[in-house]
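Data file: protein_2.pdb. Format and content: PDB, C-alpha atoms, pLDDT in the B column.
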ATOM      1  CA  GLY A   1     -84.316  59.474   6.376  1.00 47.00           C
ATOM      2  CA  SER A   2     -82.930  55.936   6.716  1.00 55.00           C
ATOM      3  CA  TRP A   3     -84.209  55.377  10.228  1.00 54.00           C
ATOM      4  CA  GLY A   4     -87.591  55.272  11.885  1.00 58.00           C
ATOM      5  CA  LEU A   5     -89.614  54.031  14.862  1.00 56.00           C
ATOM      6  CA  ARG A   6     -91.155  50.597  15.362  1.00 59.00           C
ATOM      7  CA  TRP A   7     -92.693  48.379  18.027  1.00 51.00           C
ATOM      8  CA  ALA A   8     -90.828  45.386  19.434  1.00 56.00           C
ATOM      9  CA  PRO A   9     -93.562  42.692  19.873  1.00 53.00           C
ATOM     10  CA  PRO A  10     -91.638  40.557  22.443  1.00 48.00           C
ATOM     11  CA  ARG A  11     -92.077  43.519  24.805  1.00 48.00           C
ATOM     12  CA  HIS A  12     -95.686  44.667  24.291  1.00 42.00           C
ATOM     13  CA  LYS A  13     -95.784  48.143  22.760  1.00 52.00           C
ATOM     14  CA  HIS A  14     -92.105  48.728  23.491  1.00 63.00           C
ATOM     15  CA  ILE A  15     -90.894  51.355  21.038  1.00 68.00           C
ATOM     16  CA  VAL A  16     -87.423  51.325  19.465  1.00 71.00           C
ATOM     17  CA  CYS A  17     -85.536  53.496  16.976  1.00 75.00           C
ATOM     18  CA  VAL A  18     -84.579  51.550  13.886  1.00 79.00           C
ATOM     19  CA  GLU A  19     -81.929  52.274  11.272  1.00 84.00           C
ATOM     20  CA  ASP A  20     -81.718  50.276   8.045  1.00 89.00           C
ATOM     21  CA  VAL A  21     -78.122  49.596   7.028  1.00 93.00           C
ATOM     22  CA  VAL A  22     -76.582  47.764   4.071  1.00 95.00           C
ATOM     23  CA  CYS A  23     -73.194  46.104   4.582  1.00 95.00           C
ATOM     24  CA  VAL A  24     -71.149  45.072   1.557  1.00 95.00           C
ATOM     25  CA  ARG A  25     -68.901  42.012   1.575  1.00 95.00           C
ATOM     26  CA  LEU A  26     -66.763  42.971  -1.416  1.00 95.00           C
ATOM     27  CA  CYS A  27     -64.011  40.614  -2.548  1.00 94.00           C
ATOM     28  CA  VAL A  28     -61.591  40.407  -5.445  1.00 91.00           C
ATOM     29  CA  THR A  29     -59.483  37.454  -6.624  1.00 89.00           C
ATOM     30  CA  GLU A  30     -55.830  38.142  -7.444  1.00 85.00           C
ATOM     31  CA  ALA A  31     -52.887  35.943  -8.308  1.00 82.00           C
ATOM     32  CA  LEU A  32     -51.977  35.546  -4.640  1.00 82.00           C
ATOM     33  CA  GLY A  33     -55.537  34.825  -3.538  1.00 88.00           C
ATOM     34  CA  ARG A  34     -58.714  36.592  -2.450  1.00 90.00           C
ATOM     35  CA  LYS A  35     -58.871  39.990  -0.757  1.00 93.00           C
ATOM     36  CA  PHE A  36     -61.770  41.672   1.052  1.00 94.00           C
ATOM     37  CA  LEU A  37     -62.526  45.376   1.416  1.00 94.00           C
ATOM     38  CA  VAL A  38     -62.723  46.244   5.119  1.00 94.00           C
ATOM     39  CA  ARG A  39     -63.253  49.343   7.169  1.00 92.00           C
ATOM     40  CA  GLN A  40     -60.434  49.867   9.642  1.00 86.00           C
ATOM     41  CA  SER A  41     -61.345  50.875  13.197  1.00 75.00           C
ATOM     42  CA  ASP A  42     -59.071  52.901  15.438  1.00 63.00           C
ATOM     43  CA  LEU A  43     -57.122  50.979  18.038  1.00 55.00           C
ATOM     44  CA  ALA A  44     -58.968  50.821  21.335  1.00 53.00           C
ATOM     45  CA  PRO A  45     -57.122  51.030  24.673  1.00 56.00           C
ATOM     46  CA  ASN A  46     -55.507  47.682  25.577  1.00 58.00           C
ATOM     47  CA  SER A  47     -56.335  46.371  22.112  1.00 58.00           C
ATOM     48  CA  ARG A  48     -54.083  43.624  20.765  1.00 65.00           C
ATOM     49  CA  GLY A  49     -54.413  44.837  17.218  1.00 67.00           C
ATOM     50  CA  PRO A  50     -56.615  46.641  14.678  1.00 74.00           C
ATOM     51  CA  SER A  51     -60.240  45.637  14.219  1.00 83.00           C
ATOM     52  CA  TYR A  52     -62.104  45.468  10.953  1.00 90.00           C
ATOM     53  CA  GLU A  53     -65.726  45.584   9.839  1.00 91.00           C
ATOM     54  CA  LEU A  54     -67.660  45.442   6.598  1.00 93.00           C
ATOM     55  CA  PRO A  55     -68.157  48.735   4.725  1.00 94.00           C
ATOM     56  CA  SER A  56     -71.715  49.960   5.275  1.00 93.00           C
ATOM     57  CA  ILE A  57     -74.156  52.656   4.249  1.00 94.00           C
ATOM     58  CA  ASP A  58     -77.591  53.814   5.414  1.00 92.00           C
ATOM     59  CA  LYS A  59     -80.373  52.337   3.301  1.00 92.00           C
ATOM     60  CA  LEU A  60     -82.792  54.987   2.045  1.00 91.00           C
ATOM     61  CA  PRO A  61     -86.536  54.187   2.078  1.00 85.00           C
ATOM     62  CA  HIS A  62     -86.856  54.079  -1.714  1.00 89.00           C
ATOM     63  CA  GLU A  63     -83.739  51.936  -2.298  1.00 92.00           C
ATOM     64  CA  SER A  64     -83.238  48.222  -2.752  1.00 93.00           C
ATOM     65  CA  THR A  65     -80.295  46.538  -1.038  1.00 94.00           C
ATOM     66  CA  VAL A  66     -78.229  46.442  -4.240  1.00 94.00           C
ATOM     67  CA  VAL A  67     -78.986  50.088  -5.100  1.00 95.00           C
ATOM     68  CA  SER A  68     -77.702  51.101  -1.642  1.00 95.00           C
ATOM     69  CA  ALA A  69     -74.628  48.911  -2.130  1.00 95.00           C
ATOM     70  CA  ARG A  70     -73.821  50.546  -5.464  1.00 94.00           C
ATOM     71  CA  ARG A  71     -74.262  53.982  -3.887  1.00 94.00           C
ATOM     72  CA  LEU A  72     -71.627  52.951  -1.336  1.00 94.00           C
ATOM     73  CA  LEU A  73     -69.255  51.999  -4.169  1.00 92.00           C
ATOM     74  CA  GLN A  74     -69.793  55.427  -5.726  1.00 92.00           C
ATOM     75  CA  ARG A  75     -69.145  57.133  -2.391  1.00 91.00           C
ATOM     76  CA  LEU A  76     -65.856  55.244  -2.054  1.00 90.00           C
ATOM     77  CA  LYS A  77     -65.016  56.000  -5.703  1.00 90.00           C
ATOM     78  CA  LEU A  78     -65.094  52.279  -6.540  1.00 88.00           C
ATOM     79  CA  ASP A  79     -67.787  52.508  -9.203  1.00 77.00           C
ATOM     80  CA  GLY A  80     -65.057  51.875 -11.801  1.00 81.00           C
ATOM     81  CA  LEU A  81     -64.889  48.251 -10.649  1.00 87.00           C
ATOM     82  CA  SER A  82     -67.056  45.612 -12.259  1.00 92.00           C
ATOM     83  CA  VAL A  83     -69.052  44.113  -9.371  1.00 94.00           C
ATOM     84  CA  ASN A  84     -71.467  41.177  -9.536  1.00 94.00           C
ATOM     85  CA  PHE A  85     -73.722  41.115  -6.459  1.00 95.00           C
ATOM     86  CA  ASP A  86     -75.280  37.877  -5.239  1.00 93.00           C
ATOM     87  CA  CYS A  87     -78.923  38.880  -4.861  1.00 90.00           C
ATOM     88  CA  SER A  88     -80.056  35.301  -4.238  1.00 89.00           C
ATOM     89  CA  HIS A  89     -78.769  35.320  -0.671  1.00 88.00           C
ATOM     90  CA  ILE A  90     -78.824  38.488   1.401  1.00 91.00           C
ATOM     91  CA  GLU A  91     -78.021  37.956   5.068  1.00 92.00           C
ATOM     92  CA  SER A  92     -79.809  39.813   7.864  1.00 90.00           C
ATOM     93  CA  THR A  93     -78.812  40.654  11.420  1.00 87.00           C
ATOM     94  CA  GLU A  94     -79.822  43.054  14.199  1.00 83.00           C
ATOM     95  CA  ASP A  95     -77.535  45.050  16.504  1.00 83.00           C
ATOM     96  CA  ILE A  96     -78.950  46.906  19.521  1.00 81.00           C
ATOM     97  CA  GLN A  97     -77.456  50.026  21.123  1.00 80.00           C
ATOM     98  CA  GLU A  98     -78.861  52.912  23.153  1.00 75.00           C
ATOM     99  CA  SER A  99     -80.137  55.787  21.016  1.00 73.00           C
ATOM    100  CA  GLN A 100     -78.104  58.996  21.266  1.00 74.00           C
ATOM    101  CA  LEU A 101     -81.009  61.042  19.871  1.00 72.00           C
ATOM    102  CA  TYR A 102     -83.612  59.715  22.316  1.00 72.00           C
ATOM    103  CA  PRO A 103     -81.937  58.559  25.571  1.00 78.00           C
ATOM    104  CA  GLY A 104     -83.610  55.504  27.068  1.00 76.00           C
ATOM    105  CA  VAL A 105     -84.965  54.303  23.726  1.00 75.00           C
ATOM    106  CA  PRO A 106     -83.073  51.315  22.233  1.00 77.00           C
ATOM    107  CA  MET A 107     -81.511  51.815  18.791  1.00 79.00           C
ATOM    108  CA  VAL A 108     -81.773  48.765  16.556  1.00 82.00           C
ATOM    109  CA  PHE A 109     -79.587  48.533  13.451  1.00 85.00           C
ATOM    110  CA  LEU A 110     -81.240  46.270  10.878  1.00 87.00           C
ATOM    111  CA  LYS A 111     -78.282  45.147   8.775  1.00 92.00           C
ATOM    112  CA  GLU A 112     -78.467  43.474   5.392  1.00 93.00           C
ATOM    113  CA  ILE A 113     -75.230  41.932   4.125  1.00 94.00           C
ATOM    114  CA  VAL A 114     -74.812  41.499   0.374  1.00 95.00           C
ATOM    115  CA  THR A 115     -71.782  39.821  -1.221  1.00 95.00           C
ATOM    116  CA  GLY A 116     -70.137  41.204  -4.345  1.00 95.00           C
ATOM    117  CA  GLU A 117     -67.400  39.732  -6.545  1.00 94.00           C
ATOM    118  CA  ALA A 118     -65.273  42.530  -7.994  1.00 92.00           C
ATOM    119  CA  SER A 119     -62.887  42.630 -10.924  1.00 89.00           C
ATOM    120  CA  GLY A 120     -60.606  45.434 -11.996  1.00 84.00           C
ATOM    121  CA  VAL A 121     -57.685  47.402 -10.627  1.00 77.00           C
ATOM    122  CA  ILE A 122     -57.793  48.060  -6.881  1.00 82.00           C
ATOM    123  CA  THR A 123     -55.738  50.370  -4.689  1.00 78.00           C
ATOM    124  CA  ALA A 124     -54.163  49.147  -1.459  1.00 70.00           C
ATOM    125  CA  SER A 125     -56.101  51.598   0.725  1.00 72.00           C
ATOM    126  CA  ILE A 126     -58.947  54.113   0.539  1.00 84.00           C
ATOM    127  CA  THR A 127     -59.596  57.142   2.735  1.00 82.00           C
ATOM    128  CA  GLU A 128     -63.075  58.647   2.944  1.00 78.00           C
ATOM    129  CA  ASP A 129     -63.281  62.223   4.201  1.00 65.00           C
ATOM    130  CA  GLY A 130     -65.329  62.815   7.353  1.00 54.00           C
ATOM    131  CA  SER A 131     -68.714  64.498   7.140  1.00 48.00           C
ATOM    132  CA  PRO A 132     -68.683  68.260   7.853  1.00 43.00           C
ATOM    133  CA  HIS A 133     -72.047  67.796   9.619  1.00 40.00           C
ATOM    134  CA  SER A 134     -70.737  65.302  12.176  1.00 43.00           C
ATOM    135  CA  ARG A 135     -67.747  64.767  14.416  1.00 45.00           C
ATOM    136  CA  ARG A 136     -66.641  61.755  12.417  1.00 54.00           C
ATOM    137  CA  GLY A 137     -63.136  62.049  11.027  1.00 63.00           C
ATOM    138  CA  PRO A 138     -61.696  60.359   7.949  1.00 77.00           C
ATOM    139  CA  VAL A 139     -62.551  56.676   7.553  1.00 84.00           C
ATOM    140  CA  ARG A 140     -59.912  54.261   6.288  1.00 90.00           C
ATOM    141  CA  TYR A 141     -60.521  51.175   4.163  1.00 92.00           C
ATOM    142  CA  ALA A 142     -58.112  48.504   2.948  1.00 91.00           C
ATOM    143  CA  TRP A 143     -58.047  45.345   0.833  1.00 91.00           C
ATOM    144  CA  LEU A 144     -56.892  42.499   3.075  1.00 91.00           C
ATOM    145  CA  SER A 145     -56.527  38.732   2.820  1.00 91.00           C
ATOM    146  CA  PRO A 146     -58.666  36.364   4.948  1.00 91.00           C
ATOM    147  CA  VAL A 147     -55.636  35.664   7.147  1.00 90.00           C
ATOM    148  CA  GLN A 148     -55.129  39.383   7.793  1.00 89.00           C
ATOM    149  CA  VAL A 149     -58.805  39.965   8.524  1.00 87.00           C
ATOM    150  CA  ASN A 150     -59.292  36.826  10.639  1.00 85.00           C
ATOM    151  CA  ASP A 151     -63.050  37.370  10.897  1.00 85.00           C
ATOM    152  CA  PRO A 152     -65.417  34.699   9.504  1.00 84.00           C
ATOM    153  CA  GLN A 153     -68.338  37.136   9.168  1.00 82.00           C
ATOM    154  CA  ILE A 154     -66.294  39.427   6.922  1.00 85.00           C
ATOM    155  CA  THR A 155     -65.000  36.577   4.769  1.00 85.00           C
ATOM    156  CA  GLY A 156     -68.400  34.879   4.626  1.00 83.00           C
ATOM    157  CA  GLU A 157     -67.279  31.678   6.345  1.00 78.00           C
ATOM    158  CA  SER A 158     -69.838  32.314   9.101  1.00 64.00           C
ATOM    159  CA  LYS A 159     -72.933  33.912   7.631  1.00 56.00           C
ATOM    160  CA  ALA A 160     -75.528  35.807   9.622  1.00 54.00           C
ATOM    161  CA  GLY A 161     -78.537  34.047   8.098  1.00 51.00           C
ATOM    162  CA  ALA A 162     -81.699  35.516   6.629  1.00 46.00           C
ATOM    163  CA  ASP A 163     -84.179  35.773   9.497  1.00 50.00           C
ATOM    164  CA  PHE A 164     -87.043  38.242   9.244  1.00 45.00           C
ATOM    165  CA  SER A 165     -87.247  41.017  11.808  1.00 54.00           C
ATOM    166  CA  THR A 166     -90.132  40.885  14.296  1.00 50.00           C
ATOM    167  CA  LEU A 167     -90.241  44.689  14.496  1.00 51.00           C
ATOM    168  CA  VAL A 168     -93.435  46.297  13.217  1.00 48.00           C
ATOM    169  CA  TYR A 169     -94.314  49.882  12.343  1.00 52.00           C
ATOM    170  CA  PRO A 170     -96.145  51.833  15.062  1.00 53.00           C
ATOM    171  CA  PRO A 171     -99.389  53.726  14.491  1.00 51.00           C
ATOM    172  CA  ILE A 172     -98.738  57.322  13.511  1.00 52.00           C
ATOM    173  CA  GLY A 173    -100.521  60.517  14.389  1.00 55.00           C
ATOM    174  CA  LEU A 174     -99.913  60.713  18.146  1.00 63.00           C
ATOM    175  CA  GLU A 175    -100.203  64.224  19.538  1.00 73.00           C
ATOM    176  CA  GLU A 176     -97.294  65.449  21.636  1.00 76.00           C
ATOM    177  CA  ASP A 177     -99.223  65.157  24.925  1.00 81.00           C
ATOM    178  CA  GLU A 178    -100.402  61.639  24.057  1.00 77.00           C
ATOM    179  CA  LEU A 179     -96.874  60.602  23.111  1.00 75.00           C
ATOM    180  CA  LEU A 180     -95.444  62.014  26.344  1.00 80.00           C
ATOM    181  CA  ARG A 181     -98.016  60.082  28.393  1.00 80.00           C
ATOM    182  CA  TYR A 182     -97.198  56.916  26.480  1.00 74.00           C
ATOM    183  CA  LEU A 183     -93.452  57.341  27.064  1.00 75.00           C
ATOM    184  CA  GLN A 184     -94.027  57.899  30.779  1.00 77.00           C
ATOM    185  CA  THR A 185     -96.272  54.825  30.941  1.00 77.00           C
ATOM    186  CA  SER A 186     -93.467  52.863  29.253  1.00 72.00           C
ATOM    187  CA  LEU A 187     -91.056  54.058  31.987  1.00 76.00           C
ATOM    188  CA  ILE A 188     -88.902  55.979  29.495  1.00 80.00           C
ATOM    189  CA  ASP A 189     -87.173  58.894  31.226  1.00 81.00           C
ATOM    190  CA  THR A 190     -87.490  61.975  28.975  1.00 83.00           C
ATOM    191  CA  ASP A 191     -85.757  64.429  31.342  1.00 84.00           C
ATOM    192  CA  ARG A 192     -82.672  64.542  29.068  1.00 83.00           C
ATOM    193  CA  TRP A 193     -84.683  64.914  25.880  1.00 86.00           C
ATOM    194  CA  GLY A 194     -84.254  68.271  24.164  1.00 84.00           C
ATOM    195  CA  THR A 195     -80.849  68.924  25.758  1.00 84.00           C
ATOM    196  CA  GLY A 196     -77.455  68.641  24.074  1.00 84.00           C
ATOM    197  CA  THR A 197     -77.652  66.382  21.021  1.00 80.00           C
ATOM    198  CA  ALA A 198     -80.839  64.659  22.233  1.00 82.00           C
ATOM    199  CA  ARG A 199     -84.036  65.527  20.391  1.00 80.00           C
ATOM    200  CA  SER A 200     -87.245  66.716  22.062  1.00 84.00           C
ATOM    201  CA  VAL A 201     -90.604  64.995  22.503  1.00 77.00           C
ATOM    202  CA  HIS A 202     -92.011  67.519  20.017  1.00 81.00           C
ATOM    203  CA  GLU A 203     -89.498  66.407  17.364  1.00 80.00           C
ATOM    204  CA  PHE A 204     -90.257  62.776  18.216  1.00 75.00           C
ATOM    205  CA  ALA A 205     -93.986  63.373  17.640  1.00 72.00           C
ATOM    206  CA  GLU A 206     -93.291  65.100  14.316  1.00 73.00           C
ATOM    207  CA  GLU A 207     -91.156  62.206  13.105  1.00 69.00           C
ATOM    208  CA  LEU A 208     -93.893  59.729  14.013  1.00 63.00           C
ATOM    209  CA  VAL A 209     -96.359  61.711  11.909  1.00 58.00           C
ATOM    210  CA  LYS A 210     -93.947  62.008   8.981  1.00 56.00           C
ATOM    211  CA  GLY A 211     -92.849  58.372   9.273  1.00 51.00           C
ATOM    212  CA  GLU A 212     -89.177  59.390   9.031  1.00 51.00           C
TER     213      GLU A 212
END
Would you write out, as C-alpha coordinates, the structure that this file holds?
Amino acid sequence: GSWGLRWAPPRHKHIVCVEDVVCVRLCVTEALGRKFLVRQSDLAPNSRGPSYELPSIDKLPHESTVVSARRLLQRLKLDGLSVNFDCSHIESTEDIQESQLYPGVPMVFLKEIVTGEASGVITASITEDGSPHSRRGPVRYAWLSPVQVNDPQITGESKAGADFSTLVYPPIGLEEDELLRYLQTSLIDTDRWGTGTARSVHEFAEELVKGE
(Lines of atoms letter the chains of each structure in order from A and count residues from 1; the text may use other names and numbers.)
(Lines give C-alpha, C1' and ligand atoms only; values in the text may rest on other atoms or scores of the structure.)
Protein backbone atom coordinates (compact mmCIF):
# COMPACT_ATOMS: atom_id res chain seq x y z
CA GLY A 1 0.00 0.00 0.00
CA SER A 2 0.94 3.69 0.18
CA TRP A 3 1.44 3.76 3.93
CA GLY A 4 3.72 2.04 6.38
CA LEU A 5 5.32 2.16 9.84
CA ARG A 6 8.42 4.07 10.90
CA TRP A 7 10.29 5.23 13.99
CA ALA A 8 10.30 8.88 15.05
CA PRO A 9 13.90 9.49 16.31
CA PRO A 10 13.07 12.60 18.44
CA ARG A 11 11.11 10.20 20.66
CA HIS A 12 13.33 7.12 21.00
CA LYS A 13 11.71 4.11 19.35
CA HIS A 14 8.35 5.86 19.10
CA ILE A 15 6.44 4.20 16.28
CA VAL A 16 4.15 6.09 13.89
CA CYS A 17 1.99 5.19 10.89
CA VAL A 18 3.13 7.00 7.78
CA GLU A 19 1.27 7.70 4.55
CA ASP A 20 3.04 9.09 1.49
CA VAL A 21 0.91 11.64 -0.35
CA VAL A 22 1.50 13.70 -3.49
CA CYS A 23 -0.26 17.08 -3.75
CA VAL A 24 -0.51 18.79 -7.13
CA ARG A 25 -0.44 22.57 -7.50
CA LEU A 26 -1.96 22.73 -10.97
CA CYS A 27 -2.42 26.12 -12.62
CA VAL A 28 -3.49 27.41 -16.02
CA THR A 29 -3.09 30.89 -17.51
CA GLU A 30 -6.13 32.39 -19.26
CA ALA A 31 -6.90 35.79 -20.70
CA LEU A 32 -8.22 37.02 -17.36
CA GLY A 33 -5.31 35.63 -15.37
CA ARG A 34 -4.16 32.47 -13.62
CA LYS A 35 -6.44 29.82 -12.14
CA PHE A 36 -5.62 26.96 -9.76
CA LEU A 37 -7.32 23.57 -9.43
CA VAL A 38 -8.54 23.14 -5.85
CA ARG A 39 -10.45 20.55 -3.92
CA GLN A 40 -13.51 22.04 -2.26
CA SER A 41 -14.24 21.06 1.35
CA ASP A 42 -17.72 20.99 2.83
CA LEU A 43 -18.69 23.95 4.96
CA ALA A 44 -17.95 23.34 8.62
CA PRO A 45 -20.28 24.60 11.37
CA ASN A 46 -19.76 28.33 12.04
CA SER A 47 -17.53 28.54 8.97
CA ARG A 48 -17.33 31.93 7.26
CA GLY A 49 -16.96 30.39 3.85
CA PRO A 50 -15.73 27.39 1.84
CA SER A 51 -12.23 26.03 2.36
CA TYR A 52 -9.93 24.73 -0.33
CA GLU A 53 -6.94 22.41 -0.50
CA LEU A 54 -4.61 21.05 -3.15
CA PRO A 55 -5.73 17.92 -5.02
CA SER A 56 -3.84 14.91 -3.67
CA ILE A 57 -3.31 11.21 -4.20
CA ASP A 58 -1.62 8.39 -2.29
CA LYS A 59 1.90 7.73 -3.55
CA LEU A 60 2.49 4.05 -4.31
CA PRO A 61 5.85 2.51 -3.30
CA HIS A 62 7.05 2.02 -6.88
CA GLU A 63 6.05 5.50 -8.10
CA SER A 64 7.96 8.74 -8.45
CA THR A 65 6.28 11.99 -7.43
CA VAL A 66 5.50 12.94 -11.04
CA VAL A 67 4.13 9.48 -11.89
CA SER A 68 1.73 9.77 -8.92
CA ALA A 69 0.76 13.28 -10.04
CA ARG A 70 -0.04 12.09 -13.56
CA ARG A 71 -2.11 9.24 -12.12
CA LEU A 72 -4.13 11.87 -10.25
CA LEU A 73 -4.73 13.73 -13.53
CA GLN A 74 -5.98 10.50 -15.09
CA ARG A 75 -8.27 9.85 -12.13
CA LEU A 76 -9.77 13.33 -12.52
CA LYS A 77 -10.01 12.83 -16.30
CA LEU A 78 -7.55 15.69 -16.88
CA ASP A 79 -4.98 13.66 -18.79
CA GLY A 80 -6.11 15.49 -21.95
CA LEU A 81 -4.36 18.63 -20.67
CA SER A 82 -0.76 19.32 -21.53
CA VAL A 83 1.00 19.65 -18.16
CA ASN A 84 4.63 20.59 -17.55
CA PHE A 85 5.69 19.63 -14.01
CA ASP A 86 8.52 21.45 -12.25
CA CYS A 87 10.65 18.56 -11.03
CA SER A 88 13.49 20.84 -9.94
CA HIS A 89 11.65 21.94 -6.82
CA ILE A 90 9.34 19.58 -4.98
CA GLU A 91 8.17 20.86 -1.61
CA SER A 92 7.80 18.61 1.43
CA THR A 93 5.70 18.88 4.57
CA GLU A 94 4.41 16.65 7.38
CA ASP A 95 0.92 16.62 8.92
CA ILE A 96 0.21 14.61 12.08
CA GLN A 97 -3.16 13.14 13.08
CA GLU A 98 -4.26 10.21 15.23
CA SER A 99 -4.48 6.93 13.32
CA GLN A 100 -8.00 5.56 12.87
CA LEU A 101 -6.64 2.07 12.13
CA TYR A 102 -4.42 1.87 15.22
CA PRO A 103 -5.79 4.12 18.01
CA GLY A 104 -3.05 5.75 20.05
CA VAL A 105 -0.51 5.58 17.23
CA PRO A 106 0.15 8.93 15.48
CA MET A 107 -0.54 9.09 11.74
CA VAL A 108 1.99 11.16 9.82
CA PHE A 109 1.16 12.30 6.28
CA LEU A 110 4.38 12.89 4.34
CA LYS A 111 3.25 15.30 1.63
CA GLU A 112 5.18 16.19 -1.50
CA ILE A 113 3.89 19.19 -3.44
CA VAL A 114 4.70 19.40 -7.15
CA THR A 115 3.73 22.35 -9.35
CA GLY A 116 2.38 21.88 -12.86
CA GLU A 117 1.65 24.44 -15.59
CA ALA A 118 -1.31 23.28 -17.68
CA SER A 119 -2.52 24.29 -21.11
CA GLY A 120 -5.69 23.26 -22.88
CA VAL A 121 -9.43 23.53 -22.40
CA ILE A 122 -10.61 23.32 -18.79
CA THR A 123 -14.08 22.89 -17.32
CA ALA A 124 -15.32 25.13 -14.52
CA SER A 125 -15.79 22.25 -12.06
CA ILE A 126 -15.04 18.55 -11.67
CA THR A 127 -16.84 15.96 -9.56
CA GLU A 128 -15.10 12.73 -8.58
CA ASP A 129 -17.35 9.87 -7.51
CA GLY A 130 -16.86 8.52 -3.99
CA SER A 131 -15.19 5.16 -3.45
CA PRO A 132 -17.60 2.23 -2.98
CA HIS A 133 -15.15 0.82 -0.40
CA SER A 134 -15.28 3.86 1.88
CA ARG A 135 -17.80 6.27 3.33
CA ARG A 136 -16.40 9.13 1.29
CA GLY A 137 -18.96 10.80 -0.94
CA PRO A 138 -18.35 12.68 -4.18
CA VAL A 139 -15.42 15.10 -4.14
CA ARG A 140 -15.73 18.46 -5.88
CA TYR A 141 -12.94 20.37 -7.61
CA ALA A 142 -12.93 23.80 -9.23
CA TRP A 143 -10.62 26.16 -11.11
CA LEU A 144 -10.35 29.35 -9.07
CA SER A 145 -8.34 32.57 -9.19
CA PRO A 146 -5.79 33.45 -6.47
CA VAL A 147 -8.23 36.01 -5.06
CA GLN A 148 -10.97 33.38 -4.77
CA VAL A 149 -8.65 30.84 -3.18
CA ASN A 150 -6.92 33.30 -0.84
CA ASP A 151 -4.40 30.69 0.32
CA PRO A 152 -0.67 31.31 -0.28
CA GLN A 153 0.23 27.60 -0.02
CA ILE A 154 -2.18 26.72 -2.83
CA THR A 155 -0.99 29.55 -5.07
CA GLY A 156 2.67 28.91 -4.26
CA GLU A 157 3.30 32.32 -2.70
CA SER A 158 4.25 30.60 0.57
CA LYS A 159 6.04 27.35 -0.17
CA ALA A 160 6.45 24.52 2.29
CA GLY A 161 10.17 24.01 1.67
CA ALA A 162 12.09 20.83 0.96
CA ASP A 163 13.18 19.47 4.33
CA PHE A 164 13.99 15.78 4.67
CA SER A 165 11.90 13.70 7.04
CA THR A 166 13.62 12.37 10.17
CA LEU A 167 11.41 9.27 10.17
CA VAL A 168 13.23 5.97 9.64
CA TYR A 169 11.99 2.49 8.81
CA PRO A 170 11.61 0.13 11.79
CA PRO A 171 13.13 -3.35 11.94
CA ILE A 172 10.73 -5.97 10.62
CA GLY A 173 10.01 -9.49 11.73
CA LEU A 174 8.54 -8.90 15.20
CA GLU A 175 6.37 -11.75 16.42
CA GLU A 176 2.91 -10.82 17.65
CA ASP A 177 3.80 -11.37 21.33
CA GLU A 178 6.99 -9.32 20.98
CA LEU A 179 5.10 -6.52 19.25
CA LEU A 180 2.41 -6.48 21.94
CA ARG A 181 5.05 -6.22 24.67
CA TYR A 182 6.74 -3.39 22.80
CA LEU A 183 3.46 -1.48 22.40
CA GLN A 184 2.71 -1.88 26.10
CA THR A 185 6.22 -0.71 27.00
CA SER A 186 5.61 2.34 24.78
CA LEU A 187 2.40 3.07 26.75
CA ILE A 188 0.19 2.53 23.69
CA ASP A 189 -3.28 1.37 24.77
CA THR A 190 -4.33 -1.53 22.49
CA ASP A 191 -7.67 -2.24 24.21
CA ARG A 192 -9.58 -0.76 21.23
CA TRP A 193 -7.50 -2.57 18.63
CA GLY A 194 -9.42 -5.20 16.68
CA THR A 195 -12.80 -3.56 17.33
CA GLY A 196 -14.86 -1.53 14.87
CA THR A 197 -12.66 -0.14 12.10
CA ALA A 198 -9.46 -0.49 14.16
CA ARG A 199 -7.08 -3.25 13.13
CA SER A 200 -5.70 -5.91 15.48
CA VAL A 201 -2.19 -6.45 16.84
CA HIS A 202 -2.02 -9.56 14.65
CA GLU A 203 -2.68 -7.47 11.52
CA PHE A 204 -0.14 -4.90 12.74
CA ALA A 205 2.52 -7.63 13.08
CA GLU A 206 1.74 -8.95 9.60
CA GLU A 207 2.09 -5.50 8.06
CA LEU A 208 5.45 -5.02 9.76
CA VAL A 209 6.67 -8.27 8.23
CA LYS A 210 5.32 -7.40 4.78
CA GLY A 211 6.56 -3.80 4.99
CA GLU A 212 3.18 -2.50 3.78
Computed interatomic separation between atom CA of Phe109 of chain A and atom CA of Glu178 of chain A (Å): 26.8 Å
Distance table requested - segment 65-137 of chain A against segment 141-151 of chain A, cut-off 9 Å, only C-alpha atoms: one row per qualifying residue with the closest atom pair and its distance in Å to one decimal, ordered by chain and rising residue number, as a tab-separated table.
residue	atom	partner	partner_atom	distance
A:Ile122	CA	A:Trp143	CA	8.2
A:Thr123	CA	A:Trp143	CA	7.8
A:Ala124	CA	A:Trp143	CA	5.9
A:Ser125	CA	A:Ala142	CA	4.3
A:Ile126	CA	A:Tyr141	CA	4.9
A:Thr127	CA	A:Tyr141	CA	6.2
A:Glu128	CA	A:Tyr141	CA	8.0
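If you apply the PyMOL selection byres ((chain A and resi 120) around 12) to this structure, you end up with A:Cys27, A:Val28, A:Thr29, A:Glu30, A:Leu78, A:Asp79, A:Gly80, A:Leu81, A:Ser82, A:Val83, A:Asn84, A:Glu117, A:Ala118, A:Ser119, A:Val121, A:Ile122, A:Thr123.
Atom CA of Leu101 of chain A sits 8.0 Å away from atom CA of Trp193 of chain A.
Checking A:Gln40, A:Phe85, A:Gly116, A:Val66 one by one against Val21 of chain A, counting all atoms listed in the file, you find the shortest gap at A:Val66.
Of the listed residues (A:Leu54, A:Leu73, A:Met107, A:Leu37), A:Leu54 comes nearest to Gln153 of chain A; the distances count only C-alpha atoms.
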For atom CA of Val22 of chain A and atom CA of Leu110 of chain A, the interatomic separation in Å (one decimal): 8.4 Å
Local residues around (-78.0, 37.0, -0.7), at most 10 Å away, using only C-alpha atoms, as JSON, numbers by chain: {"A": [65, 85, 86, 87, 88, 89, 90, 91, 92, 112, 113, 114, 115, 116, 161, 162]}
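Counting all atoms listed in the file and comparing A:Gly194, A:Gly33, A:Pro138, A:Pro106, the residue that lies closest to Val18 of chain A is A:Pro106.
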